[in-house]
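Source file: protein_17.txt. Holds: compact mmCIF, C-alpha atoms.
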# COMPACT_ATOMS: atom_id res chain seq x y z
CA GLN A 1 16.28 3.85 -11.00
CA LEU A 2 13.54 2.44 -8.78
CA HIS A 3 10.32 1.57 -10.57
CA PHE A 4 7.12 -0.09 -9.40
CA VAL A 5 4.36 -1.95 -11.24
CA GLU A 6 1.21 -2.92 -9.34
CA SER A 7 -1.19 -5.70 -10.28
CA GLY A 8 -3.89 -7.89 -8.79
CA GLY A 9 -6.76 -5.48 -8.47
CA GLY A 10 -10.28 -6.33 -9.57
CA LEU A 11 -13.91 -6.64 -8.60
CA VAL A 12 -14.71 -8.60 -5.46
CA GLN A 13 -17.80 -9.01 -3.30
CA PRO A 14 -17.93 -7.67 0.23
CA GLY A 15 -16.23 -10.11 2.56
CA GLY A 16 -14.00 -11.35 -0.23
CA SER A 17 -10.24 -11.28 -0.62
CA LEU A 18 -7.64 -9.98 -3.05
CA ARG A 19 -3.88 -10.01 -3.18
CA LEU A 20 -2.15 -7.06 -4.76
CA SER A 21 1.41 -7.25 -6.04
CA CYS A 22 3.98 -4.49 -6.44
CA ALA A 23 6.90 -5.56 -8.59
CA ALA A 24 10.01 -3.45 -8.05
CA SER A 25 12.93 -2.96 -10.40
CA GLY A 26 16.02 -0.81 -10.39
CA ALA A 27 16.83 -1.23 -6.71
CA THR A 28 16.42 -3.66 -3.86
CA LEU A 29 13.38 -3.48 -1.57
CA GLU A 30 15.64 -3.67 1.47
CA ASN A 31 16.81 -0.12 0.83
CA TYR A 32 13.40 1.52 1.18
CA ASP A 33 10.39 2.00 3.38
CA ILE A 34 7.51 1.16 1.05
CA THR A 35 3.93 2.22 1.54
CA TRP A 36 0.60 1.19 0.05
CA PHE A 37 -1.65 4.19 -0.52
CA ARG A 38 -5.22 4.29 -1.79
CA LYS A 39 -7.38 6.95 -3.36
CA ALA A 40 -11.16 6.61 -3.50
CA PRO A 41 -13.34 8.91 -5.61
CA GLY A 42 -14.25 12.04 -3.69
CA LYS A 43 -11.91 11.21 -0.82
CA GLU A 44 -8.41 12.20 0.15
CA ARG A 45 -5.59 9.80 -0.65
CA GLU A 46 -4.59 7.87 2.47
CA TRP A 47 -1.80 5.61 3.50
CA VAL A 48 -2.91 2.05 4.20
CA THR A 49 0.12 0.08 5.35
CA CYS A 50 3.88 0.39 5.26
CA THR A 51 6.93 -1.82 5.64
CA THR A 52 10.28 -0.42 6.66
CA SER A 53 13.57 -1.30 5.01
CA HIS A 54 14.14 -3.68 7.95
CA GLY A 55 10.73 -5.33 7.58
CA THR A 56 8.79 -3.68 10.39
CA THR A 57 5.17 -3.24 9.38
CA TYR A 58 2.56 -0.61 10.21
CA TYR A 59 -1.16 -0.55 9.48
CA LYS A 60 -3.86 2.06 9.40
CA ASP A 61 -6.44 1.27 12.08
CA SER A 62 -9.22 0.65 9.58
CA VAL A 63 -7.34 -2.22 7.91
CA GLN A 64 -5.54 -3.68 10.94
CA GLY A 65 -6.36 -7.38 11.18
CA ARG A 66 -7.74 -7.55 7.64
CA PHE A 67 -4.76 -6.52 5.49
CA THR A 68 -1.24 -7.92 5.53
CA ILE A 69 1.79 -6.39 3.87
CA ALA A 70 4.65 -8.69 2.96
CA ARG A 71 7.70 -8.59 0.79
CA ASP A 72 9.70 -11.15 -1.14
CA ILE A 73 13.20 -9.73 -1.34
CA ALA A 74 14.43 -12.39 -3.77
CA GLU A 75 11.54 -11.68 -6.14
CA SER A 76 11.71 -7.89 -5.57
CA THR A 77 7.98 -7.91 -4.99
CA LEU A 78 5.78 -6.42 -2.31
CA TYR A 79 2.35 -7.88 -1.59
CA LEU A 80 -0.83 -6.63 0.01
CA GLU A 81 -3.13 -9.42 1.15
CA MET A 82 -6.61 -8.03 1.72
CA ASN A 83 -9.27 -10.08 3.48
CA ASN A 84 -12.83 -9.39 4.59
CA LEU A 85 -13.07 -6.50 2.18
CA TYR A 86 -15.64 -3.74 2.69
CA ALA A 87 -17.20 -1.45 0.12
CA GLU A 88 -15.21 1.36 1.76
CA ASP A 89 -11.99 -0.35 0.62
CA THR A 90 -12.86 0.48 -2.98
CA ALA A 91 -10.05 2.65 -4.33
CA LEU A 92 -7.06 2.93 -6.62
CA TYR A 93 -4.14 1.35 -4.74
CA HIS A 94 -0.54 2.45 -5.27
CA CYS A 95 2.73 1.24 -3.84
CA ALA A 96 5.35 3.90 -3.31
CA ALA A 97 8.72 4.66 -1.83
CA ALA A 98 8.06 8.06 -0.28
CA ARG A 99 8.61 8.90 3.39
CA ALA A 100 9.62 6.76 6.32
CA CYS A 101 6.78 4.61 7.64
CA TRP A 102 6.74 6.38 10.97
CA SER A 103 5.81 9.65 9.27
CA TYR A 104 2.48 8.15 8.24
CA TYR A 105 1.83 5.92 11.22
CA SER A 106 2.44 8.74 13.71
CA GLY A 107 0.12 11.06 11.84
CA GLU A 108 2.88 13.55 11.20
CA VAL A 109 2.15 13.20 7.48
CA PRO A 110 -1.42 12.05 6.75
CA SER A 111 -0.63 11.08 3.19
CA ASP A 112 1.40 11.96 0.13
CA ASP A 113 0.87 12.40 -3.57
CA PRO A 114 2.71 10.95 -6.56
CA ASP A 115 4.86 14.08 -6.89
CA PHE A 116 6.82 12.92 -3.84
CA GLY A 117 8.98 9.81 -4.10
CA VAL A 118 8.59 6.90 -6.52
CA TRP A 119 5.10 5.56 -7.24
CA GLY A 120 3.60 2.83 -9.36
CA GLN A 121 0.67 3.46 -11.71
CA GLY A 122 -1.84 1.88 -9.37
CA THR A 123 -4.30 -0.99 -9.49
CA GLN A 124 -8.05 -0.60 -9.03
CA VAL A 125 -9.89 -2.47 -6.29
CA THR A 126 -13.68 -2.46 -6.39
CA VAL A 127 -15.69 -4.07 -3.62
CA SER A 128 -19.31 -4.44 -4.62
CA SER A 129 -22.11 -6.96 -4.68
Before anything else, please render the file you have as structure tokens.
Amino acid sequence: QLHFVESGGGLVQPGGSLRLSCAASGATLENYDITWFRKAPGKEREWVTCTTSHGTTYYKDSVQGRFTIARDIAESTLYLEMNNLYAEDTALYHCAAARACWSYYSGEVPSDDPDFGVWGQGTQVTVSS
């Protein structure tokens, strides 16, 4: 059964960088569209970026050019490289196998919650000086 464990979160200053990891077990990454979501206090959960089973990537406008999603099939790990971080990027970040990437990118589905699909426990990112 597919299972995710995220890591790599922490405290970083504005303009700094972090790399999050999402280690998968129980199935191969190539079988799933996998999305990074984030949830900030007082805000709705939102999708951030997604990679399809074939490796096509999609980004929310607010992170385009700053964040990069990548996957290492051999290591069964998904990464989220985050550069030039803003305070507004502060959130709990989850990786998940939920809907197809296009559902989020097109706006058809603004977001999802952990009741749908397979989610990791999340890793906290705090951007603050």
- Task: Measuring atom to atom with only C-alpha atoms, identify which of A:Tyr93, A:Trp36, A:Trp102, A:Phe4 is nearest to A:Ile69.
- Result: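 Nearest to A:Ile69: A:Trp36.
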- Item | Minimum-distance residue to A:Ile34, chosen among A:Gln13, A:Thr123, A:Ser76, A:Asp115 (using all atoms listed in the file) |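 The answer is A:Ser76, which sits nearest to A:Ile34.
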- Query: Which residue, A:Pro110, A:Gly122, A:Gly117, A:Gly9, has the smallest gap to A:Val48 when you use all atoms listed in the file?
  - Reply: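 Selected residue with least distance to A:Val48: A:Pro110.
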- Task: Choose the residue, out of A:Thr49, A:Asp33, A:Ser128, A:Cys22, that has the smallest atom-to-atom separation from A:Thr90; count all atoms listed in the file.
- Result: A:Ser128
- Point-to-point distance from atom CA of A:Ser25 to atom CA of A:Tyr105, Å rounded to tenths: 25.9 Å
- Query: Nearest to A:Cys101: which of A:Thr57, A:Ser7, A:Ser17, A:Ser129 is it, counting only C-alpha atoms?
  - Reply: A:Thr57
Since fewer atoms than expected are present, regenerate all heavy atoms for stretch 80-91 of chain A and write them as a compact mmCIF listing (two decimals), in the frame of the given file.
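Output saved as out_13.txt:
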# COMPACT_ATOMS: atom_id res chain seq x y z
N LEU A 80 0.18 -7.09 -0.93
CA LEU A 80 -0.83 -6.63 0.01
C LEU A 80 -1.96 -7.64 -0.04
O LEU A 80 -2.72 -7.70 -1.01
CB LEU A 80 -1.34 -5.24 -0.35
CG LEU A 80 -2.41 -4.68 0.58
CD1 LEU A 80 -1.90 -4.59 2.01
CD2 LEU A 80 -2.89 -3.31 0.10
N GLU A 81 -2.06 -8.45 1.01
CA GLU A 81 -3.13 -9.42 1.15
C GLU A 81 -4.29 -8.73 1.83
O GLU A 81 -4.14 -8.21 2.95
CB GLU A 81 -2.64 -10.62 1.97
CG GLU A 81 -3.64 -11.75 2.07
CD GLU A 81 -3.73 -12.58 0.80
OE1 GLU A 81 -2.69 -12.75 0.13
OE2 GLU A 81 -4.84 -13.04 0.47
N MET A 82 -5.44 -8.73 1.17
CA MET A 82 -6.61 -8.03 1.72
C MET A 82 -7.74 -9.02 1.92
O MET A 82 -8.18 -9.66 0.94
CB MET A 82 -7.04 -6.92 0.76
CG MET A 82 -5.94 -5.92 0.43
SD MET A 82 -6.50 -4.53 -0.57
CE MET A 82 -6.98 -5.38 -2.07
N ASN A 83 -8.19 -9.16 3.15
CA ASN A 83 -9.27 -10.08 3.48
C ASN A 83 -10.46 -9.32 4.06
O ASN A 83 -10.31 -8.19 4.53
CB ASN A 83 -8.77 -11.12 4.49
CG ASN A 83 -7.66 -11.98 3.93
OD1 ASN A 83 -7.75 -12.49 2.82
ND2 ASN A 83 -6.59 -12.13 4.70
N ASN A 84 -11.60 -9.98 4.04
CA ASN A 84 -12.83 -9.39 4.59
C ASN A 84 -13.02 -7.96 4.08
O ASN A 84 -13.18 -7.01 4.86
CB ASN A 84 -12.78 -9.41 6.12
CG ASN A 84 -14.11 -9.05 6.75
OD1 ASN A 84 -15.16 -9.18 6.12
ND2 ASN A 84 -14.07 -8.61 7.99
N LEU A 85 -13.01 -7.82 2.80
CA LEU A 85 -13.07 -6.50 2.18
C LEU A 85 -14.44 -5.86 2.35
O LEU A 85 -15.48 -6.54 2.31
CB LEU A 85 -12.72 -6.59 0.69
CG LEU A 85 -11.22 -6.75 0.41
CD1 LEU A 85 -10.98 -7.32 -0.98
CD2 LEU A 85 -10.51 -5.42 0.58
N TYR A 86 -14.42 -4.55 2.57
CA TYR A 86 -15.64 -3.74 2.69
C TYR A 86 -15.80 -2.88 1.44
O TYR A 86 -14.81 -2.59 0.75
CB TYR A 86 -15.55 -2.79 3.89
CG TYR A 86 -15.22 -3.41 5.22
CD1 TYR A 86 -14.54 -2.66 6.19
CD2 TYR A 86 -15.59 -4.71 5.55
CE1 TYR A 86 -14.25 -3.19 7.44
CE2 TYR A 86 -15.29 -5.25 6.79
CZ TYR A 86 -14.61 -4.48 7.73
OH TYR A 86 -14.32 -5.00 8.97
N ALA A 87 -16.98 -2.38 1.23
CA ALA A 87 -17.20 -1.45 0.12
C ALA A 87 -16.31 -0.22 0.26
O ALA A 87 -15.84 0.34 -0.74
CB ALA A 87 -18.67 -1.03 0.06
N GLU A 88 -16.05 0.17 1.50
CA GLU A 88 -15.21 1.36 1.76
C GLU A 88 -13.75 1.15 1.36
O GLU A 88 -12.97 2.09 1.35
CB GLU A 88 -15.25 1.74 3.23
CG GLU A 88 -16.66 1.96 3.80
CD GLU A 88 -17.28 0.69 4.32
OE1 GLU A 88 -17.09 0.35 5.50
OE2 GLU A 88 -17.97 0.00 3.51
N ASP A 89 -13.35 -0.09 1.07
CA ASP A 89 -11.99 -0.35 0.62
C ASP A 89 -11.83 -0.10 -0.88
O ASP A 89 -10.72 -0.18 -1.40
CB ASP A 89 -11.60 -1.80 0.93
CG ASP A 89 -11.56 -2.09 2.42
OD1 ASP A 89 -11.02 -1.26 3.17
OD2 ASP A 89 -12.10 -3.15 2.82
N THR A 90 -12.92 0.20 -1.55
CA THR A 90 -12.86 0.48 -2.98
C THR A 90 -12.00 1.71 -3.23
O THR A 90 -12.23 2.77 -2.65
CB THR A 90 -14.28 0.72 -3.53
OG1 THR A 90 -15.03 -0.49 -3.45
CG2 THR A 90 -14.23 1.18 -4.99
N ALA A 91 -10.98 1.55 -4.07
CA ALA A 91 -10.05 2.65 -4.33
C ALA A 91 -9.02 2.22 -5.36
O ALA A 91 -8.91 1.04 -5.71
CB ALA A 91 -9.33 3.05 -3.04
